[in-house]
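Below is one structure; the comments refer to it alone.
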Amino acid sequence: MFTEQNRNAGRAMVTDSIAITFTLNGATTSIDVSCTHTLAKVLREQLGLIGTKISCEQGECGACTVILDGKAVNSCIVLAPEVDGCEVLTIEGLAQHGELDPIQTAFIEEGAVQCGYCTAGMIMSAKALLMENPDPTDLDIREALAGNLCRCTGYQRIVRAVSSAAKKLQTVDAGSMKG
Amino acid sequence: MVTFKYAAPTTLEDAFSLLSGAVCDAAPLAGGTDLINNIRVGAQSPKLVILLRKIRELSGAIQEKQEGVLIGVLATLSEIAQHACLRHNFPAIAESANLIGSKQIRNRATMAGNICNASAAADTVPALLLYDATVNIAGSNGRRSVPIASFVRSPNRTCLAAGEIVESIFVPYPAAPSSSCYVRFARRQGADLAIVGVAAFASVTNEIRLALAAVGPTAFRAYEAESIWQQGVQVPDIWERGLAKVVDAATPISDLRASREYRLALIKVLTAEAVRCSLNRIGTRGGQW
Amino acid sequence: MTEVEYVGKSIRRADAVKKVTGALEYTIDSNMAGMLHGKLLRSAFARARIISIDIAGAQKMPGVVAVLTASELPQPVPRFGPVIADQPLLASGETKYHGEPVAIVLANDEDTAAAAIRQIRVEYEELPAVCTVADALRPDAPLLHPGGKRHDGRICDSNVCGEFEFKWGDVDQAKHGCARIIDEVYSFPMIHHHALEPLSCIAYPVDSGVTIKSPIQSPFILQRVVASCLGLELSAVRVIPSDIGGGFGGRGYPKLEPLAAYSAMRTGRPVKISTSLDDGFFTVRRLAATVRMQTGFDLEGRIVFQDVKADFLMGAYADACTRIVQKAGFLGCGLYRTPNARIVSRAIYSNTVVSTACRGFGMPQLVWAIESQMNAASRLLKIDPLEIRLRNLPARGEVFVPGDTPADGDWREGLKKAAAMVGWGDPKKSNVGRGIAIGVKTPIPASVSNAVAKLRADGSVTVAVGTTEMGQGARTVFAQIAAEILRIPVEQIKVIMGDTTVAPFDLATAGSRSTVTMGSAVMAACEDLLIQLGAIARELGVIDREEAAEFANATIRGHQGPISYGELLKQYLGTLQGEIVGRGMFQGEKDSSHPLGGLSDFWEVVFTSAEVEVDRATGKVAVRKLVNVSEVGLAINPLQARAQEEGGLIMGLGHTLMEELVYDESGKLLNAGPLDYRIPTAMDIPIIETHLMENRDGPGPFGAKGIGEGPVIAVAPAIADAVYDAVGVVIKDLPLTPERVWSALNASGRGGKNGN
């Protein structure tokens with residue numbers, strides 16, 4: 001709806017900092033952010049959520065992956081003000097009531113975690129994949145993770161963990177559908 | 001970070017006044033995968049960053065019109081890669097979009113941004129050249145449309161004037177049933193830049209089109225090869241003559257990623273692969289890949 | 001023997017939950033009240049005279065507390081280094097490599113520090129730089145450290161920092177009448193560790209000393225180096241390592257910490273220097289190498305002699321390079337029977353980024369040459385590559401490097417296993433090939449590890465070790481060992497790692513040593529606790545004087561049934577008073593006649609095989625399968641051990657197929673950063689299969705040996721020979737990029753169509 005309010009809002013807003021409201025891990029969050037800060041920086045430094053890791057700061061390594069409106073993105077190249085009105089899911093939002101997400105559990109069980117620095121980003125990419133494609137092939141998984149660099153694991157266990165989590169989630173879903 | 005100001009206008013009118021207004025040196029922000037990194041390393045230093053996402057007249061919709069497909073400026077590479085109509089009717093476009101960067105990049109980056117960045121290796125440009133796509137531009141002086149071949153001027157330069165933005169890209173349906181393919185060679189299987197990229201088009205009327213990326217200052221159509229192949233691309237002699245024209249038209253450089261000689265060799269290999277693939281596909285009318 | 005409960009089991013990692021929930025705090029995640037943020041200005045040239053540095057613009061920015069260049073530091077500028085203290089806190093007078101820190105801004109927040117850096121103006125006079133072995137050794141080459149000290153104490157009169165010679169038998173004699181001599185030169189590129197966690201550290205002044213928080217692999221080395229650099233007592237420097245987001249040797253030795261420590265003491269405030277992934281490329285790399293090998297064979301393919309000249313190209317400062325070059329040179333013949341040998345290994349300075357330890361410690365470079373020679377002999381003598389190696393492998397107990405530990409494994413079995421796992425001898429399609437290679441490494445000889453185990457009054461246990469956790473799983477392994485000895489559930493063992501004030505001295509977390517050395521120390525510390533518990537039990541009359549103490553389920557078996565440790569201590573110490581402390585030490589055997597100071601505790605040996613398919617038209621090598629067999633003695637945690645194997649293989653795949661730091665002639669690093677330095681992604685990996693050979697024949701706890709580096713060592717020659725097997729080209733330089741393979745195919749006329 002085109003209103004007088006909208007018109008004014010469009011003209012007025014050249015700014016250094018801006019108030020944004022977005023859904024963060026399921027909760028409505030309103031904060032003021034500097035417009036030059038990235039989402040990664042705001043998550044880590046303003047909101048104290050250090051689970052989103054920074055490494056390359058140029059969208060090449062995936063360590064900073066979060067899920068924005070249902071899609072995996074590199075939060076180091078998303079400006080904080082851009083998430084106004086959006087839904088953001090970070091690694092801290094996965095475990096529910098102290099219970100790990102099946103992807104997190106699978107990473108542990110498959111031995112897919114070593115130094116752990118890439119882990120959060122990997123898990124978020126995996127989560128985004130399974131949200132979109134609950135029955136991915138091996139190739140689907142690798143493609144989804146191609147933007148997440150790891151130097152420790154050699155990836156094989158990570159791919160296996162995602163595959164295993166997918167199967168577990170499907171069983172859970174099938175079970176709950178029967179009920 | 002270099003300091004810049006930010007605006008999130010809701011109308012094109014507001015956006016244009018910001019772009020060409022008192023605050024000069026403004027950069028439009030779509031996916032941000034080039035812009036934000038460029039700002040970080042100092043390759044771009046805009047004083048103002050203007051978010052496009054909230055402008056009501058702009059969209060990321062991919063609309064199937066009568067004459068072709070209209071791809072909104074905000075359409076992400078992921079959306080383009082997964083769009084059924086594009087995959088079926090313009091496989092090279094969907095394929096090239098799917099090869100750029102990683103999932104995370106594709107979920108944000110737009111095709112409009114890819115062509116505006118105008119890297120010599122921009123993967124979507126060859127595919128758009130195949131189909132003689134049109135770039136719809138909007139500015140404070142009104143709208144205009146430019147063929148993709150004229151849109152990209154040189155590495156990292158387009159024909160956009162100050163205060164103009166891309167509004168959409170229109171890809172017309174080819175006259176006859178056809179298909180296409182995009183292949184590229186990179187240093188690794190995972191997210192990478194193209195060393196050589198080749199897009200090929202084949203129609204049931206024996207028309208072959210070919211466009212290449214990363215082997216010239218901009219992507220280009222190999223028109224001379226195309227007209228030779230018109231006579232029968234599957235005839236070895238005609239094929240070789242056309243291929244020689246492709247190689248002639250290319251001006252690859254030697255850089256960190258590959259030498260000129262290697263790129264020339266890859267051109268031959270990838271051209272054959274792309275043409276073969278698109279010929280196979282018209283058998284299956286595009287289909288899924 | 002009682003049933004083993006924890007050792008040999010794939011116990012969940014102790015830090016797993018923290019890592020998968022993002023809760024683990026790495027150094028870069030940490031902050032302190034009142035902390036200054038330090039950002040570095042890096043040199044734009046490899047070698048340049050610093051004419052002037054204008055810091056006025058930066059200094060007057062609000063929020064900037066200090067701007068330091070060499071001129072603002074004490075003169076002469078403090079230097080640091082684990083062997084030779086040659087690296088200045090900030091470039092002094094002349095920069096020696098592209099990216100060398102030239103200035104640091106200390107500001108109240110990160111944005112201000114980053115902005116202030118841009119205000120600093122440096123005037124350079126660019127000077128010619130040397131970036132290759134050939135250039136560095138030219139008689140007229142500019143010297144990196146004129147007048148500086150070499151490794152052997154002599155003054156530098158060339159760019160050779162260290163030179164080592166090892167020999168046995170009589171090589172010159174053996175050359176006469178030798179049936180076949182293969183004389184080749186191999187090259188190994190400059191590689192970056194590419195750990196994902198960016199380098200950072202926090203230092204804060206404490207009394208008249210300093211505390212440093214850093215992802216450092218070897219906290220006691222950091223302590224010693226900083227103390228020495230800043231003129232402090234060891235007790236005045238405390239190092240608290242965080243979990244490391246990827247070490248690979250690149251975090252083994254001090255880099256930014258001395259500057260952070262100095263800055264903290266100077267300003268009186270905590271200082272955090274943080275960087276991003278790109279900065280790592282300007283901080284550390286692996287040694288490159290050019291190796292000339294002349295290998296003599298008899299007609300049966302047995303080695304008659306090895307004449308090795310290994311020139312390692314190091315960076316601008318010594319770091320640990322002489323040690324690496326010495327150790328690798330010592331094993332310059334690999335693990336084969338070599339009746340006559342002469343090895344000269346040199347460490348040569350260049351105007352490139354500092355090289356340091358990197359997984360394999362010089363062995364990947366040498367094994368690339370050694371195994372390529374074996375492959376060459378296999379071709380020349382028409383002996384199968386598997387067979388020729390079998391003929392040269394020593395049997396268990398056989399000495400192969402005179403004066404060192406004999407072969408300590410069933411190496412022929414391991415090699416055959418790796419061959420079988422890759423389908424050696426099975427029919428294959430055209431353009432498909434297989435290769436096999438052996439990797440070997442010695443851990444750190446004559447080394448020491450100490451551990452302390454505390455059993456508290458309530459029965460809870462902490463084990464303090466100087467080892468650090470970088471993903472290899474040491475924390476979990478030590479908990480398993482402690483749990484096994486103490487008969488306490490593994491979840492109840494808390495392992496404290498690396499804090500130099502809390503943990504007793506450990507030499508280093510490096511060299512695949514920790515399971516053996518620190519594992520043994522932990523074992524001994526826990527056994528000490530049991531001895532004390534037994535003594536307490538006897539004193540309390542719980543067991544008889546002559547009776548052996550029996551432990552199970554965190555209890556000691558007394559006359560009236562089992563008594564928990566906590567209960568026993570309560571009786572002995574009084575309610576919740578005191579604790580008992582167990583101490584353990586491992587000291588590797590010293591031998592001053594041995595060039596490395598002592599014999600090898602064990603040999604880390606791997607057998608790597610590969611199957612590849614090569615696209616003749618493009619030169620692209622697709623690795624279909626990569627296999628690794630590791631001689632581990634006993635895997636304390638098989639899951640973790642396998643994970644290390646797989647990771648090492650893929651790291652090796654990187655330098656085999658795609659990784660290479662590229663410098664131009666002026667010494668500028670052209671591909672710093674993940675955009676143009678490509679490491680393998682999930683899309684690049686083959687099927688990986690691993691196998692652990694467990695003969696319980698290691699010197700570590702329960703027969704364990706070490707693991708961690710081996711799998712990276714032999715990947716390159718295995719794949720290179722598979723490429724030869726597939727398409728008939730021999731390549732002696734890494735990486736085997738598609739272009740390099742394509743060039744080789746064209747040069748040999750084997751290029752073009754794939755022939756199907």
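Identifiers in this document derive from the order of the structure tokens: chains are assigned A, B, ..., residues are numbered from 1 separately in each chain, and ligands are numbered from 1 in order of occurrence.
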
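Near chain C, the residues of chain B that fall inside 7 Å (using only C-alpha atoms) are B:Met1, B:Arg188, B:Gln189, B:Gly190, B:Tyr262, B:Leu266, B:Val269.
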
Running DSSP on the backbone, which parts of region 161-382 of chain C land in alpha helix (DSSP H), as a ChimeraX atom specification? /C:171-175,219-230,257-267,277-281,321-330,363-381

Contacts of region 514-525 of chain C at 7 Å or less, counting only C-alpha atoms, minus same-chain residues fewer than 4 places along, as number ranges by chain? C: 449-453, 478, 481-482, 485, 509, 529, 582-586, 699-701, 704-706

Given a cut-off of 6 Å, which residues of chain A touch chain C, counting only C-alpha atoms, written out as a PyMOL selection string? chain A and resi 51+55-56+104+114-117+120+142+146+149+152-155

Listing only residues of chain A within 6 Å of chain B, what is the closest atom pair and its distance in Å (to one decimal) for each, using only C-alpha atoms, sorted by chain and residue number ascending, as a tab-separated table?
residue	atom	partner	partner_atom	distance
A:Gly10	CA	B:Pro9	CA	4.2
A:Arg11	CA	B:Asp14	CA	5.8
A:Met13	CA	B:Ala7	CA	5.2
A:Val14	CA	B:Ala7	CA	4.7
A:Thr15	CA	B:Lys5	CA	5.3
A:Asp16	CA	B:Lys5	CA	5.0
A:Gln58	CA	B:Asn37	CA	5.6
A:Ala72	CA	B:Gln104	CA	5.2
A:Val73	CA	B:Gln104	CA	4.2
A:Asn74	CA	B:Gln104	CA	5.8
A:Ile77	CA	B:Ile36	CA	5.8
A:Ala144	CA	B:Lys103	CA	5.9
A:Ala146	CA	B:Gly190	CA	5.2
A:Gly147	CA	B:Ser102	CA	4.7

Output C-alpha atoms for every residue in the selection just made, as a tab-separated table (two decimals), in the first residue's frame.
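For reference, part.tsv as written:
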chain	number	residue	atom	x	y	z
A	10	GLY	CA	11.98	6.61	1.41
A	11	ARG	CA	13.27	10.12	1.26
A	13	MET	CA	16.67	7.56	5.26
A	14	VAL	CA	20.24	8.39	4.45
A	15	THR	CA	21.92	7.36	7.57
A	16	ASP	CA	24.98	6.07	9.42
A	58	GLN	CA	35.13	-12.10	1.84
A	72	ALA	CA	22.37	-20.21	3.66
A	73	VAL	CA	24.37	-17.01	3.28
A	74	ASN	CA	27.81	-15.70	4.22
A	77	ILE	CA	29.12	-9.99	3.26
A	144	ALA	CA	25.67	-27.48	-0.61
A	146	ALA	CA	31.24	-26.55	-1.49
A	147	GLY	CA	31.38	-23.05	-0.04

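With only C-alpha atoms as the atoms that count, the residue of A:Asp173, A:Ile20, A:Val113, A:Phe107 with the shortest distance to Glu82 (chain A) is A:Ile20.
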
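The coordinates place CA of Cys277 (chain B) at 25.2 Å from CA of Arg260 (chain B).
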
Mind listing the strand (DSSP E) residues of chain A, per DSSP on the backbone, as an MDAnalysis selection string? chainID A and resid 17:24 27:34 65:68 71:74 87:89

Those same residues - C-alpha atoms - I'd like them written as a PDB file, in the first residue's frame.
ATOM      1  CA  SER A  17      23.096   3.871  11.763  1.00  0.00           C
ATOM      2  CA  ILE A  18      19.662   2.424  11.656  1.00  0.00           C
ATOM      3  CA  ALA A  19      17.202   0.672  13.907  1.00  0.00           C
ATOM      4  CA  ILE A  20      16.375  -2.754  12.617  1.00  0.00           C
ATOM      5  CA  THR A  21      13.899  -5.362  13.729  1.00  0.00           C
ATOM      6  CA  PHE A  22      14.295  -8.942  12.710  1.00  0.00           C
ATOM      7  CA  THR A  23      13.617 -12.429  13.938  1.00  0.00           C
ATOM      8  CA  LEU A  24      16.742 -13.951  15.426  1.00  0.00           C
ATOM      9  CA  ALA A  27      12.762 -14.241  18.791  1.00  0.00           C
ATOM     10  CA  THR A  28      11.933 -10.724  17.617  1.00  0.00           C
ATOM     11  CA  THR A  29      15.019  -8.612  18.061  1.00  0.00           C
ATOM     12  CA  SER A  30      15.282  -4.846  17.752  1.00  0.00           C
ATOM     13  CA  ILE A  31      18.671  -3.167  17.774  1.00  0.00           C
ATOM     14  CA  ASP A  32      20.486  -0.176  16.377  1.00  0.00           C
ATOM     15  CA  VAL A  33      23.264  -1.068  14.002  1.00  0.00           C
ATOM     16  CA  SER A  34      25.963   0.852  12.232  1.00  0.00           C
ATOM     17  CA  THR A  65      27.301 -19.099   7.309  1.00  0.00           C
ATOM     18  CA  VAL A  66      23.902 -18.314   8.797  1.00  0.00           C
ATOM     19  CA  ILE A  67      20.417 -18.951   7.439  1.00  0.00           C
ATOM     20  CA  LEU A  68      18.682 -15.814   6.212  1.00  0.00           C
ATOM     21  CA  LYS A  71      18.739 -19.667   2.719  1.00  0.00           C
ATOM     22  CA  ALA A  72      22.369 -20.213   3.659  1.00  0.00           C
ATOM     23  CA  VAL A  73      24.369 -17.007   3.280  1.00  0.00           C
ATOM     24  CA  ASN A  74      27.805 -15.704   4.221  1.00  0.00           C
ATOM     25  CA  GLU A  87      14.480 -14.123   9.655  1.00  0.00           C
ATOM     26  CA  VAL A  88      17.935 -15.080  10.801  1.00  0.00           C
ATOM     27  CA  LEU A  89      18.928 -18.455  12.160  1.00  0.00           C
TER      28      LEU A  89
END

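The nearest approach to Ser154 (chain B) among the residues B:Ala127, B:Ala112, B:Leu256, B:Ala219, with only C-alpha atoms taken into account, belongs to B:Ala219.
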
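Here CA of Ala726 (chain C) and CA of Val623 (chain C) stand 11.4 Å from one another.
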
Which neighbours of region 141-148 of chain C fall inside 7 Å, counting only C-alpha atoms, when residues of the same chain fewer than 2 positions from it are skipped, and could you give them as a list in words? Asp135, Ala136, Leu137, Arg138, Pro139, Arg150, Ile155, Cys156, Asp157, Ser158, Asn159, Ala316, Tyr349 and Ser350 of chain C

Take the residues that were just selected and, keeping N, CA and C atoms, output them as a compact mmCIF listing (two decimals), in the first residue's frame.
# COMPACT_ATOMS: atom_id res chain seq x y z
N ASP C 135 68.13 -17.87 -7.17
CA ASP C 135 68.43 -16.45 -6.98
C ASP C 135 69.10 -16.19 -5.65
N ALA C 136 68.63 -16.89 -4.61
CA ALA C 136 69.19 -16.65 -3.28
C ALA C 136 70.64 -17.07 -3.19
N LEU C 137 71.03 -18.03 -4.05
CA LEU C 137 72.39 -18.55 -3.96
C LEU C 137 73.35 -17.91 -4.94
N ARG C 138 72.85 -17.00 -5.75
CA ARG C 138 73.75 -16.32 -6.70
C ARG C 138 74.84 -15.60 -5.91
N PRO C 139 76.04 -15.56 -6.47
CA PRO C 139 77.12 -14.89 -5.73
C PRO C 139 76.80 -13.42 -5.43
N ARG C 150 74.52 -17.92 11.58
CA ARG C 150 73.94 -19.13 11.00
C ARG C 150 73.58 -20.10 12.12
N ILE C 155 79.15 -16.82 10.99
CA ILE C 155 78.49 -15.61 10.49
C ILE C 155 77.99 -15.85 9.07
N CYS C 156 76.81 -15.33 8.80
CA CYS C 156 76.23 -15.47 7.45
C CYS C 156 77.06 -14.75 6.42
N ASP C 157 77.55 -15.50 5.44
CA ASP C 157 78.20 -14.81 4.33
C ASP C 157 77.50 -15.16 3.01
N SER C 158 76.36 -15.79 3.17
CA SER C 158 75.52 -16.09 2.00
C SER C 158 74.11 -16.17 2.56
N ASN C 159 73.18 -16.63 1.73
CA ASN C 159 71.82 -16.78 2.23
C ASN C 159 71.56 -18.18 2.80
N ALA C 316 62.03 -15.13 5.22
CA ALA C 316 62.98 -14.08 5.58
C ALA C 316 63.60 -14.23 6.95
N TYR C 349 67.66 -18.71 3.04
CA TYR C 349 66.80 -17.53 3.22
C TYR C 349 66.30 -17.00 1.88
N SER C 350 65.14 -16.38 1.90
CA SER C 350 64.65 -15.65 0.74
C SER C 350 63.72 -14.54 1.22
